[in-house]
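Visitor: To be precise about what I am sending: the file is called structure-v3.cif and holds mmCIF, C-alpha atoms.
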data_model
#
loop_
_atom_site.label_atom_id
_atom_site.label_comp_id
_atom_site.auth_asym_id
_atom_site.auth_seq_id
_atom_site.Cartn_x
_atom_site.Cartn_y
_atom_site.Cartn_z
CA MET M 522 -22.39 20.56 17.27
CA SER M 523 -25.36 20.20 19.56
CA ARG M 524 -27.28 17.91 17.20
CA PRO M 525 -25.72 14.49 16.49
CA TYR M 526 -24.74 14.30 12.86
CA SER M 527 -25.84 10.66 12.73
CA ARG M 528 -29.47 11.71 13.10
CA ALA M 529 -29.17 14.08 10.14
CA VAL M 530 -27.80 11.27 7.99
CA GLU M 531 -30.42 8.76 9.15
CA THR M 532 -33.31 11.10 8.37
CA GLY M 533 -31.89 11.92 4.95
CA LYS M 534 -31.42 15.59 5.75
CA GLN M 535 -28.33 17.37 4.50
CA GLU M 536 -27.68 19.17 7.79
CA ARG M 537 -24.11 19.06 8.98
CA PRO M 538 -21.72 21.09 11.09
CA THR M 539 -20.67 24.26 9.29
CA VAL M 540 -17.11 25.39 8.71
CA GLY M 541 -17.71 28.17 11.23
CA SER M 542 -18.89 25.80 13.95
CA VAL M 543 -15.85 23.55 13.46
CA GLU M 544 -13.24 26.31 13.39
CA GLU M 545 -12.71 26.45 17.15
CA SER M 546 -12.27 22.68 17.41
CA ALA M 547 -10.00 22.59 14.36
CA ARG M 548 -7.72 25.26 15.80
CA ALA M 549 -7.51 23.49 19.16
CA LEU M 550 -6.69 20.26 17.38
CA ALA M 551 -4.01 21.92 15.24
CA GLN M 552 -2.38 23.40 18.35
CA TRP M 553 -2.40 20.00 20.03
CA PHE M 554 -0.81 18.43 16.94
CA ALA M 555 1.91 21.07 16.72
CA ALA M 556 2.93 20.23 20.28
CA ASN M 557 2.49 16.45 20.24
CA GLN M 558 3.12 15.14 16.73
CA ARG M 559 5.50 12.27 16.22
CA ASP M 560 8.80 12.90 14.47
CA LEU M 561 8.26 10.93 11.26
CA PRO M 562 10.66 11.14 8.29
CA TRP M 563 7.98 11.97 5.69
CA ARG M 564 6.79 14.99 7.70
CA ALA M 565 9.86 17.07 6.94
CA ALA M 566 8.88 20.46 5.52
CA VAL M 567 10.02 21.43 2.04
CA PRO M 568 12.96 23.87 2.19
CA LEU M 569 11.91 27.38 1.13
CA ALA M 570 14.35 27.37 -1.79
CA PHE M 571 12.82 24.17 -3.13
CA ALA M 572 9.27 25.50 -2.89
CA GLU M 573 10.25 28.76 -4.61
CA SER M 574 12.07 26.91 -7.40
CA GLU M 575 8.96 24.83 -8.10
CA VAL M 576 6.81 27.95 -8.42
CA ALA M 577 9.41 29.68 -10.59
CA GLU M 578 9.72 26.62 -12.81
CA VAL M 579 6.02 26.37 -13.62
CA SER M 580 5.71 30.15 -14.04
CA GLY M 581 8.14 30.06 -16.93
CA ALA M 582 11.27 31.42 -15.25
CA TYR M 583 12.97 28.05 -15.64
CA PRO M 584 12.73 25.38 -18.34
CA VAL M 585 10.03 22.77 -17.81
CA ILE M 586 11.29 19.32 -16.82
CA GLY M 587 10.69 16.44 -19.19
CA ASP M 588 9.13 16.12 -22.61
CA MET M 589 5.83 17.99 -22.32
CA ASP M 590 4.00 19.29 -25.35
CA GLN M 591 3.18 22.99 -25.77
CA LYS M 592 -0.49 22.53 -24.89
CA ALA M 593 0.35 20.88 -21.56
CA THR M 594 2.92 23.56 -20.78
CA ALA M 595 0.42 26.35 -21.55
CA ALA M 596 -2.17 24.71 -19.33
CA ARG M 597 0.28 24.71 -16.44
CA LEU M 598 1.05 28.40 -16.93
CA ASP M 599 -2.68 29.21 -16.87
CA ASP M 600 -3.16 27.17 -13.69
CA PRO M 601 -0.29 28.15 -11.36
CA ARG M 602 1.01 25.44 -9.09
CA PRO M 603 0.73 26.21 -5.36
CA PRO M 604 3.99 26.16 -3.40
CA SER M 605 4.83 22.81 -1.82
CA ARG M 606 4.54 22.58 1.93
CA ARG M 607 6.08 19.14 1.79
CA ASP M 608 7.70 17.13 -0.96
CA PRO M 609 4.68 15.56 -2.74
CA TYR M 610 6.80 12.60 -3.85
CA ARG M 611 7.74 11.72 -0.26
CA THR M 612 4.15 12.33 0.86
CA TRP M 613 2.84 10.00 -1.84
CA ILE M 614 5.31 7.19 -1.13
CA SER M 615 4.65 7.34 2.62
CA GLU M 616 0.88 7.22 2.14
CA ILE M 617 1.09 4.21 -0.17
CA MET M 618 3.43 2.41 2.23
CA LEU M 619 1.16 3.15 5.19
CA GLN M 620 -1.78 1.37 3.57
CA GLN M 621 -2.33 -1.82 5.58
CA THR M 622 1.04 -1.35 7.34
CA GLN M 623 1.93 0.03 10.78
CA VAL M 624 3.86 3.28 11.10
CA SER M 625 6.64 1.61 13.11
CA THR M 626 7.24 -0.84 10.26
CA VAL M 627 7.09 1.76 7.50
CA ILE M 628 9.75 4.10 8.92
CA SER M 629 12.77 1.93 8.07
CA TYR M 630 11.32 0.96 4.67
CA PHE M 631 10.66 4.59 3.83
CA GLU M 632 14.18 5.69 4.75
CA ARG M 633 15.78 2.90 2.70
CA TRP M 634 13.46 3.65 -0.21
CA MET M 635 14.43 7.33 -0.24
CA ARG M 636 18.12 6.47 -0.25
CA ARG M 637 17.53 4.20 -3.22
CA PHE M 638 14.91 6.29 -5.10
CA PRO M 639 15.32 9.87 -3.77
CA ASP M 640 12.91 11.47 -6.24
CA VAL M 641 10.27 10.62 -8.81
CA GLY M 642 12.81 10.65 -11.65
CA ALA M 643 15.01 8.06 -9.95
CA LEU M 644 11.99 5.84 -9.34
CA ALA M 645 10.73 6.20 -12.92
CA ALA M 646 14.11 5.07 -14.26
CA ALA M 647 14.25 1.96 -12.07
CA GLU M 648 13.66 -1.62 -13.18
CA GLU M 649 10.55 -3.32 -11.84
CA GLN M 650 12.56 -6.03 -10.10
CA ASP M 651 14.58 -3.40 -8.21
CA VAL M 652 11.35 -1.71 -7.08
CA LEU M 653 9.85 -5.01 -5.93
CA GLU M 654 13.05 -5.83 -4.08
CA ALA M 655 12.95 -2.48 -2.24
CA TRP M 656 9.28 -3.12 -1.41
CA ALA M 657 9.86 -6.69 -0.20
CA GLY M 658 8.28 -7.23 3.21
CA LEU M 659 5.57 -4.59 2.89
CA GLY M 660 3.22 -6.96 1.06
CA TYR M 661 0.47 -6.09 -1.43
CA TYR M 662 3.01 -5.93 -4.25
CA SER M 663 0.54 -4.41 -6.69
CA ARG M 664 1.22 -1.19 -4.76
CA ALA M 665 4.88 -1.34 -5.77
CA ARG M 666 4.00 -1.85 -9.42
CA ASN M 667 1.52 1.01 -9.22
CA VAL M 668 4.07 3.46 -7.79
CA LEU M 669 6.49 2.59 -10.59
CA ALA M 670 3.78 3.13 -13.21
CA THR M 671 2.76 6.43 -11.60
CA ALA M 672 6.35 7.67 -11.41
CA ARG M 673 6.75 7.06 -15.14
CA MET M 674 3.42 8.79 -15.79
CA VAL M 675 4.51 11.84 -13.76
CA MET M 676 7.71 12.08 -15.79
CA ALA M 677 6.01 11.54 -19.16
CA GLU M 678 2.79 13.49 -18.71
CA HIS M 679 3.53 16.06 -15.98
CA GLY M 680 7.09 17.06 -16.76
CA GLY M 681 8.48 15.43 -13.61
CA LEU M 682 6.39 17.62 -11.30
CA PHE M 683 3.81 15.88 -9.16
CA PRO M 684 0.26 17.02 -10.02
CA TRP M 685 -1.60 18.84 -7.28
CA ARG M 686 -5.25 18.98 -8.31
CA ARG M 687 -7.43 16.20 -6.95
CA GLU M 688 -8.80 15.21 -10.36
CA GLN M 689 -5.26 14.93 -11.76
CA LEU M 690 -4.11 12.89 -8.78
CA LEU M 691 -7.05 10.51 -9.19
CA GLY M 692 -5.80 9.83 -12.72
CA LEU M 693 -2.60 8.30 -11.37
CA LYS M 694 -2.39 4.53 -11.00
CA GLY M 695 -3.11 3.32 -7.49
CA VAL M 696 -4.20 6.75 -6.22
CA GLY M 697 -7.72 6.74 -4.79
CA GLU M 698 -9.84 9.31 -2.97
CA TYR M 699 -7.89 9.12 0.27
CA THR M 700 -4.41 9.29 -1.26
CA ALA M 701 -5.39 12.11 -3.61
CA GLY M 702 -6.71 14.14 -0.67
CA ALA M 703 -3.62 13.37 1.39
CA ILE M 704 -1.21 14.58 -1.31
CA ALA M 705 -3.26 17.70 -2.10
CA SER M 706 -3.70 18.70 1.54
CA LEU M 707 -0.46 17.55 3.19
CA ALA M 708 1.92 18.50 0.38
CA PHE M 709 0.15 21.60 -1.01
CA ASN M 710 -2.05 22.65 1.96
CA LEU M 711 -5.19 22.60 -0.17
CA PRO M 712 -8.60 22.20 1.56
CA GLU M 713 -9.13 18.66 0.31
CA PRO M 714 -10.68 16.02 2.58
CA ILE M 715 -9.18 12.69 3.57
CA LEU M 716 -10.89 9.77 5.25
CA ASP M 717 -9.26 6.73 6.79
CA GLY M 718 -10.00 4.48 9.76
CA ASN M 719 -8.59 6.97 12.24
CA LEU M 720 -10.83 9.78 11.01
CA VAL M 721 -13.88 7.52 10.93
CA ARG M 722 -13.26 6.65 14.58
CA VAL M 723 -12.73 10.28 15.63
CA PHE M 724 -15.83 11.51 13.77
CA SER M 725 -17.94 8.60 15.00
CA ARG M 726 -17.19 9.48 18.63
CA LEU M 727 -17.24 13.24 18.17
CA TYR M 728 -20.72 13.21 16.63
CA ALA M 729 -22.01 9.91 18.10
CA LEU M 730 -22.26 8.31 14.65
CA ASP M 731 -23.45 4.75 15.13
CA PHE M 732 -22.67 3.54 11.61
CA LEU M 733 -19.65 2.87 9.42
CA PRO M 734 -19.06 4.34 5.95
CA ASP M 735 -20.10 1.10 4.26
CA SER M 736 -23.34 2.35 2.74
CA LYS M 737 -23.61 5.08 0.13
CA ALA M 738 -25.28 7.45 2.61
CA GLY M 739 -22.80 6.63 5.36
CA LYS M 740 -19.81 7.18 3.11
CA ALA M 741 -21.19 10.52 1.93
CA GLY M 742 -21.79 11.61 5.53
CA TYR M 743 -18.23 10.91 6.66
CA TRP M 744 -16.72 12.52 3.57
CA ASP M 745 -18.90 15.61 4.15
CA LEU M 746 -17.52 15.88 7.67
CA ALA M 747 -13.96 15.42 6.42
CA SER M 748 -14.51 18.19 3.87
CA THR M 749 -15.89 20.56 6.51
CA TRP M 750 -12.90 20.02 8.78
CA ALA M 751 -10.41 20.43 5.91
CA GLN M 752 -11.94 23.83 5.11
CA ALA M 753 -12.19 25.04 8.71
CA HIS M 754 -8.51 25.73 9.31
CA ASP M 755 -5.01 24.97 7.97
CA PRO M 756 -5.82 21.82 5.90
CA ALA M 757 -2.41 20.17 6.21
CA LEU M 758 -2.37 20.58 9.99
CA VAL M 759 -6.00 19.62 10.55
CA ASN M 760 -6.01 16.54 8.33
CA GLU M 761 -2.83 15.13 9.78
CA ALA M 762 -3.88 16.10 13.30
CA LEU M 763 -7.11 14.12 12.92
CA MET M 764 -5.10 11.07 11.84
CA GLU M 765 -2.64 11.57 14.70
CA LEU M 766 -5.43 11.96 17.23
CA GLY M 767 -6.94 8.67 16.08
CA ALA M 768 -3.56 6.94 16.16
CA LEU M 769 -2.38 8.19 19.58
CA ILE M 770 -5.38 9.25 21.69
CA CYS M 771 -8.71 8.23 20.15
CA VAL M 772 -7.60 4.63 19.77
CA PRO M 773 -9.99 1.71 19.18
CA ARG M 774 -9.88 0.45 22.78
CA GLY M 775 -9.33 2.56 25.89
CA PRO M 776 -9.07 6.07 24.38
CA ASP M 777 -7.18 8.46 26.66
CA CYS M 778 -9.78 11.23 26.70
CA SER M 779 -7.89 13.13 29.43
CA LEU M 780 -5.31 14.10 26.78
CA CYS M 781 -7.76 14.85 23.97
CA PRO M 782 -8.15 18.50 22.87
CA LEU M 783 -11.73 17.86 21.65
CA THR M 784 -13.48 16.48 24.74
CA ALA M 785 -15.53 19.67 25.15
CA HIS M 786 -17.14 18.99 21.76
CA CYS M 787 -17.31 15.17 21.89
CA SER M 788 -20.78 13.59 22.09
CA ALA M 789 -19.44 10.15 23.03
CA TYR M 790 -17.31 11.61 25.83
CA ARG M 791 -20.22 13.56 27.29
CA SER M 792 -22.36 10.43 27.44
CA GLY M 793 -19.51 8.17 28.58
CA SER M 794 -20.04 5.90 25.58
CA GLN M 795 -16.67 6.14 23.83
CA GLU M 796 -16.30 2.37 23.56
CA ARG M 797 -19.59 2.11 21.64
CA PHE M 798 -18.28 4.12 18.73
CA PRO M 799 -17.71 3.31 15.99
CA PRO M 800 -19.73 0.08 15.77
CA THR M 801 -17.58 -2.98 15.24
CA ARG M 802 -17.32 -4.48 11.78
CA SER M 803 -17.72 -8.25 11.60
CA ARG M 804 -14.46 -9.99 10.83
CA LYS M 805 -14.15 -11.95 7.63
CA GLU M 806 -13.39 -15.61 8.19
CA SER M 807 -9.95 -16.63 7.01
CA GLU M 808 -9.64 -19.36 4.41
CA GLY M 809 -7.34 -22.31 4.98
CA ILE M 810 -5.26 -23.40 1.96
CA ALA M 811 -3.57 -26.77 2.36
CA GLY M 812 -1.54 -28.60 -0.25
CA PHE M 813 1.93 -28.83 -1.71
CA THR M 814 4.53 -26.52 -3.18
CA VAL M 815 6.91 -28.04 -5.70
CA ALA M 816 10.58 -27.14 -5.99
CA ALA M 817 11.73 -28.44 -9.37
CA PHE M 818 15.44 -28.20 -10.22
CA ARG M 819 17.47 -28.80 -13.34
CA THR M 820 20.85 -28.01 -14.82
CA ASN M 821 20.39 -25.79 -17.86
CA PRO M 822 21.46 -27.94 -20.85
CA TYR M 823 23.08 -24.97 -22.61
CA SER M 824 24.67 -22.89 -19.84
CA GLY M 825 25.22 -25.52 -17.17
CA VAL M 826 23.60 -23.21 -14.59
CA ALA M 827 21.48 -24.72 -11.79
CA GLU M 828 17.88 -23.53 -12.17
CA THR M 829 14.54 -23.86 -10.42
CA LEU M 830 11.03 -23.57 -11.80
CA LEU M 831 9.01 -20.55 -10.70
CA TYR M 832 5.46 -19.46 -11.44
CA THR M 833 3.93 -15.98 -11.73
CA PRO M 834 0.19 -16.20 -10.87
CA ARG M 835 -2.09 -14.26 -13.17
CA LYS M 836 -4.60 -11.59 -12.21
CA GLY M 837 -7.38 -13.15 -10.17
CA GLU M 838 -5.12 -15.89 -8.78
CA ARG M 839 -3.62 -15.85 -5.30
CA LEU M 840 -0.25 -14.03 -5.14
CA ALA M 841 -0.98 -12.46 -8.53
CA GLY M 842 2.09 -10.99 -10.23
CA LEU M 843 4.64 -12.43 -7.79
CA LEU M 844 7.25 -15.07 -8.54
CA THR M 845 6.69 -18.11 -6.37
CA PHE M 846 7.21 -21.84 -6.35
CA PRO M 847 4.25 -23.63 -7.98
CA ILE M 848 1.48 -24.39 -5.47
CA PHE M 849 -1.04 -27.22 -5.80
CA VAL M 850 -4.06 -27.47 -3.53
CA VAL M 851 -4.30 -31.27 -3.39
CA ALA M 852 -4.71 -33.78 -0.58
CA ASP M 853 -1.84 -36.22 -1.06
CA LEU M 854 1.26 -37.11 -3.06
CA ALA M 855 -0.66 -39.21 -5.61
CA ALA M 856 -2.97 -36.27 -6.39
CA LEU M 857 0.06 -33.99 -6.57
CA LYS M 858 1.76 -36.21 -9.16
CA THR M 859 -1.37 -36.13 -11.31
CA ALA M 860 -1.75 -32.35 -11.03
CA TRP M 861 1.96 -31.85 -11.75
CA ARG M 862 1.87 -33.90 -14.95
CA GLN M 863 -1.34 -32.21 -16.13
CA SER M 864 -0.04 -28.70 -15.47
CA LEU M 865 3.43 -29.23 -16.99
CA PRO M 866 3.16 -31.93 -19.64
CA GLY M 867 6.26 -30.68 -21.48
CA LEU M 868 8.67 -31.40 -18.64
CA PRO M 869 10.76 -34.57 -18.56
CA GLU M 870 9.76 -37.17 -15.97
CA GLY M 871 11.24 -37.06 -12.51
CA PRO M 872 10.31 -38.54 -9.11
CA LEU M 873 8.51 -36.14 -6.77
CA ARG M 874 9.82 -36.60 -3.21
CA THR M 875 8.26 -34.92 -0.19
CA ARG M 876 10.45 -33.22 2.37
CA ALA M 877 9.70 -33.32 6.09
CA ILE M 878 8.91 -29.62 5.99
CA THR M 879 5.59 -27.81 6.19
CA VAL M 880 5.47 -24.07 5.50
CA ALA M 881 2.81 -22.10 7.38
CA HIS M 882 2.00 -18.55 6.34
CA SER M 883 -0.90 -16.09 6.59
CA ILE M 884 -1.72 -13.45 3.97
CA THR M 885 -4.75 -11.23 4.65
CA HIS M 886 -7.63 -13.75 4.83
CA HIS M 887 -5.67 -16.79 3.65
CA ARG M 888 -3.82 -19.29 5.85
CA TYR M 889 -1.36 -21.46 3.94
CA SER M 890 -0.13 -24.84 5.10
CA LEU M 891 2.12 -26.30 2.41
CA ARG M 892 4.23 -29.42 2.36
CA ILE M 893 7.34 -29.20 0.18
CA ALA M 894 7.93 -31.63 -2.66
CA GLU M 895 11.22 -31.64 -4.53
CA VAL M 896 12.05 -33.02 -7.97
CA HIS M 897 15.28 -33.04 -9.97
CA LEU M 898 14.82 -33.17 -13.73
CA GLU M 899 17.36 -34.52 -16.19
CA ALA M 900 18.56 -32.16 -18.92
CA THR M 901 17.78 -33.68 -22.33
CA GLY M 902 19.27 -30.97 -24.52
CA ARG M 903 16.06 -30.78 -26.54
CA LYS M 904 14.26 -27.43 -26.38
CA ASP M 905 10.81 -28.93 -26.96
CA ALA M 906 11.23 -31.07 -23.84
CA HIS M 907 11.29 -27.91 -21.75
CA ALA M 908 8.31 -26.08 -23.25
CA LEU M 909 6.47 -24.36 -20.41
CA PRO M 910 2.91 -23.06 -20.10
CA ASP M 911 2.30 -19.33 -19.65
CA GLY M 912 3.41 -18.06 -16.27
CA TYR M 913 6.16 -20.65 -15.73
CA ALA M 914 9.86 -19.91 -16.17
CA TRP M 915 13.24 -21.28 -15.14
CA ALA M 916 15.29 -19.04 -12.84
CA PRO M 917 18.93 -19.39 -11.73
CA VAL M 918 19.14 -20.86 -8.22
CA ALA M 919 21.88 -18.34 -7.38
CA GLU M 920 19.43 -15.49 -8.05
CA LEU M 921 16.55 -16.69 -5.86
CA ASP M 922 17.43 -14.54 -2.86
CA ARG M 923 17.02 -11.50 -5.08
CA LEU M 924 14.10 -12.69 -7.21
CA LEU M 925 11.80 -13.90 -4.43
CA VAL M 926 10.30 -10.80 -2.82
CA SER M 927 7.09 -12.12 -1.24
CA SER M 928 7.23 -13.70 2.22
CA LEU M 929 5.62 -17.02 1.29
CA PRO M 930 8.10 -18.09 -1.44
CA LYS M 931 10.91 -16.79 0.76
CA LYS M 932 9.73 -19.11 3.53
CA ILE M 933 9.60 -22.01 1.08
CA TRP M 934 13.14 -21.28 -0.07
CA THR M 935 14.32 -21.06 3.54
CA GLY M 936 12.64 -24.39 4.26
CA LEU M 937 14.38 -26.03 1.34
CA ARG M 938 17.73 -24.93 2.76
CA SER M 939 16.90 -25.82 6.37
CA ASP M 940 19.15 -28.90 6.34
CA GLY M 941 22.17 -26.77 5.43
CA ARG M 942 22.47 -27.72 1.77
CA GLN M 943 21.82 -25.62 -1.32
CA PRO M 944 19.02 -27.35 -3.28
CA GLY M 945 19.48 -27.82 -6.99
CA ILE M 946 23.26 -27.84 -6.87
#
Just dump the structure as structure tokens.

Guide:
Amino acid sequence: MSRPYSRAVETGKQERPTVGSVEESARALAQWFAANQRDLPWRAAVPLAFAESEVAEVSGAYPVIGDMDQKATAARLDDPRPPSRRDPYRTWISEIMLQQTQVSTVISYFERWMRRFPDVGALAAAEEQDVLEAWAGLGYYSRARNVLATARMVMAEHGGLFPWRREQLLGLKGVGEYTAGAIASLAFNLPEPILDGNLVRVFSRLYALDFLPDSKAGKAGYWDLASTWAQAHDPALVNEALMELGALICVPRGPDCSLCPLTAHCSAYRSGSQERFPPTRSRKESEGIAGFTVAAFRTNPYSGVAETLLYTPRKGERLAGLLTFPIFVVADLAALKTAWRQSLPGLPEGPLRTRAITVAHSITHHRYSLRIAEVHLEATGRKDAHALPDGYAWAPVAELDRLLVSSLPKKIWTGLRSDGRQPGI
């Protein structure tokens, strides 16, 4: 480790630390992790009986789960499944939840999720709305839809057993390079690399790498390092220890190097330049979105049930795939009335009235500031008077607490009820 790896990358040479040169550091790191790791619910080891039953099942001693054809079954017998070190289902769910979400937040969500969907079969059998409801609050709801699609794929194409090879994992919806490596290494202890922000920070300081994995060469360099470390020692321990080190010790600001097991090998520590690495990434400016959200209510002319109009944005639109109150980015009430009539020409007329409520909400790089407008529409009894464009639908007011899973429409609904009355009734 005497030569900074950054220089090798910059000069285009393929030099890198060897597995042998990393072994000592990897073992020290694994020992540190064994003594200092946090007690997190997804880290529970698979009981020996469970691991043995999985191996026996795919070796032919037990019937294969699910409806798999003979060719797929034969392929599994020719390619024996390694014993599980951890439950791959729990590993997968935790890794998806941890994307863009802090560990402290994920713990309670993970525990509730496992009570509701304890295994991949239970998840595969669930309705999408139930999955979105369980995910509510974690954001990025495409992740929830992806886990449901993947659970059904595992049941249909893999006999209910989670695949373990990286190329198979990459074929699952919503599973990228990092998640595939995490499942293969953490659940099956295979020498597969992972790379997240914590590992980038640790590697950047350890080898004085003054670049981020944004370029093709930079990405390849960091993944090469991750691969070397995964092969140097127990992959499950080393990969998770690297993440833990970045989360607890080698933090972005003020790393506590006195507690780090790798200071003897750290280039940034030796030069006293820990704060310089990795270089900071410029922040993306957030976009302000100001306008109105419309809460339209009616009494269903056939059932007599109070309903409100909701919209599901399409792919490419903000809040894609999530039920929300219609949002119009317009400057004033007159412009709102025009946009409302143009967007929903089939609705009966009704006066739009603004409420003295403004909903403020931030989602990634978007800052919403929305005034609430309310309209009550008369039921005409004629179906053609209620024809709606694609994406719009009437929903029972009594079901909104369950149907609205994203934080923004929840805030709008809370705002509508802020004066103590139930709108639409």

Visitor: Here's the selection I'm unsure about, the PyMOL selection byres ((chain M and resi 834) around 12); applied to the file above, which residues does it give, as a PyMOL selection string?

Guide: chain M and resi 831-833+835-848+910-914

Visitor: As a list in words, please: the residues near M:Trp934 (cut-off 10 Å, all atoms listed in the file, same-chain neighbours under 5 positions excluded).

Guide: Ala816, Thr845, Phe846, Val880, Ile893, Leu921, Asp922, Leu925, Ser928, Leu929, Ser939, Gln943 and Pro944 of chain M

Visitor: Residue by residue, what does the PyMOL selection byres ((chain M and resi 817) around 12) grab here? Present the result as a VMD selection string.

Guide: chain M and resid 814 to 816 818 to 820 827 to 832 845 to 848 861 865 868 to 875 893 to 899 913 to 918 934 937 944 to 946

Visitor: Now that the selection is made, can you save its residues with C-alpha atoms as a PDB file, in the coordinates of the input?

Guide:
ATOM      1  CA  THR M 814       4.530 -26.520  -3.180  1.00  0.00           C
ATOM      2  CA  VAL M 815       6.910 -28.040  -5.700  1.00  0.00           C
ATOM      3  CA  ALA M 816      10.580 -27.140  -5.990  1.00  0.00           C
ATOM      4  CA  PHE M 818      15.440 -28.200 -10.220  1.00  0.00           C
ATOM      5  CA  ARG M 819      17.470 -28.800 -13.340  1.00  0.00           C
ATOM      6  CA  THR M 820      20.850 -28.010 -14.820  1.00  0.00           C
ATOM      7  CA  ALA M 827      21.480 -24.720 -11.790  1.00  0.00           C
ATOM      8  CA  GLU M 828      17.880 -23.530 -12.170  1.00  0.00           C
ATOM      9  CA  THR M 829      14.540 -23.860 -10.420  1.00  0.00           C
ATOM     10  CA  LEU M 830      11.030 -23.570 -11.800  1.00  0.00           C
ATOM     11  CA  LEU M 831       9.010 -20.550 -10.700  1.00  0.00           C
ATOM     12  CA  TYR M 832       5.460 -19.460 -11.440  1.00  0.00           C
ATOM     13  CA  THR M 845       6.690 -18.110  -6.370  1.00  0.00           C
ATOM     14  CA  PHE M 846       7.210 -21.840  -6.350  1.00  0.00           C
ATOM     15  CA  PRO M 847       4.250 -23.630  -7.980  1.00  0.00           C
ATOM     16  CA  ILE M 848       1.480 -24.390  -5.470  1.00  0.00           C
ATOM     17  CA  TRP M 861       1.960 -31.850 -11.750  1.00  0.00           C
ATOM     18  CA  LEU M 865       3.430 -29.230 -16.990  1.00  0.00           C
ATOM     19  CA  LEU M 868       8.670 -31.400 -18.640  1.00  0.00           C
ATOM     20  CA  PRO M 869      10.760 -34.570 -18.560  1.00  0.00           C
ATOM     21  CA  GLU M 870       9.760 -37.170 -15.970  1.00  0.00           C
ATOM     22  CA  GLY M 871      11.240 -37.060 -12.510  1.00  0.00           C
ATOM     23  CA  PRO M 872      10.310 -38.540  -9.110  1.00  0.00           C
ATOM     24  CA  LEU M 873       8.510 -36.140  -6.770  1.00  0.00           C
ATOM     25  CA  ARG M 874       9.820 -36.600  -3.210  1.00  0.00           C
ATOM     26  CA  THR M 875       8.260 -34.920  -0.190  1.00  0.00           C
ATOM     27  CA  ILE M 893       7.340 -29.200   0.180  1.00  0.00           C
ATOM     28  CA  ALA M 894       7.930 -31.630  -2.660  1.00  0.00           C
ATOM     29  CA  GLU M 895      11.220 -31.640  -4.530  1.00  0.00           C
ATOM     30  CA  VAL M 896      12.050 -33.020  -7.970  1.00  0.00           C
ATOM     31  CA  HIS M 897      15.280 -33.040  -9.970  1.00  0.00           C
ATOM     32  CA  LEU M 898      14.820 -33.170 -13.730  1.00  0.00           C
ATOM     33  CA  GLU M 899      17.360 -34.520 -16.190  1.00  0.00           C
ATOM     34  CA  TYR M 913       6.160 -20.650 -15.730  1.00  0.00           C
ATOM     35  CA  ALA M 914       9.860 -19.910 -16.170  1.00  0.00           C
ATOM     36  CA  TRP M 915      13.240 -21.280 -15.140  1.00  0.00           C
ATOM     37  CA  ALA M 916      15.290 -19.040 -12.840  1.00  0.00           C
ATOM     38  CA  PRO M 917      18.930 -19.390 -11.730  1.00  0.00           C
ATOM     39  CA  VAL M 918      19.140 -20.860  -8.220  1.00  0.00           C
ATOM     40  CA  TRP M 934      13.140 -21.280  -0.070  1.00  0.00           C
ATOM     41  CA  LEU M 937      14.380 -26.030   1.340  1.00  0.00           C
ATOM     42  CA  PRO M 944      19.020 -27.350  -3.280  1.00  0.00           C
ATOM     43  CA  GLY M 945      19.480 -27.820  -6.990  1.00  0.00           C
ATOM     44  CA  ILE M 946      23.260 -27.840  -6.870  1.00  0.00           C
TER      45      ILE M 946
END

Visitor: Do you know which residues are at most 6 Å from stretch 546-562 of chain M counting all atoms listed in the file, after dropping those on the same chain fewer than 4 positions away, and could you put them as a PyMOL selection string?

Guide: chain M and resi 758-759+762+782

Visitor: Can you list, as a VMD selection string, every protein, DNA or RNA residue that comes within 7 Å of stretch 732-747 of chain M when you count only C-alpha atoms, leaving out same-chain residues fewer than 4 positions away?

Guide: chain M and resid 530 714 to 716 721 751 799 to 800

Visitor: How would the residues just picked look written out with C-alpha atoms as a PDB file, in the frame of the given file?

Guide:
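Output file selection01.pdb is given in full below:
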ATOM      1  CA  VAL M 530     -27.800  11.270   7.990  1.00  0.00           C
ATOM      2  CA  PRO M 714     -10.680  16.020   2.580  1.00  0.00           C
ATOM      3  CA  ILE M 715      -9.180  12.690   3.570  1.00  0.00           C
ATOM      4  CA  LEU M 716     -10.890   9.770   5.250  1.00  0.00           C
ATOM      5  CA  VAL M 721     -13.880   7.520  10.930  1.00  0.00           C
ATOM      6  CA  ALA M 751     -10.410  20.430   5.910  1.00  0.00           C
ATOM      7  CA  PRO M 799     -17.710   3.310  15.990  1.00  0.00           C
ATOM      8  CA  PRO M 800     -19.730   0.080  15.770  1.00  0.00           C
TER       9      PRO M 800
END

Visitor: Evaluating the PyMOL selection byres ((chain M and resi 712) around 6) on the displayed file yields which residues, as a ChimeraX atom specification?

Guide: /M:711,713,751-752,756

Visitor: Just want the 9 Å neighbourhood of M:Met635, counted on only C-alpha atoms, with same-chain residues fewer than 5 positions away dropped. Output as a VMD selection string.

Guide: chain M and resid 611 630 640

Visitor: Which residues come within 12 Å of M:Tyr790, counting all atoms listed in the file, excluding same-chain residues fewer than 3 positions away, as a ChimeraX atom specification?

Guide: /M:723,725-729,771,776-779,781-787,793-798
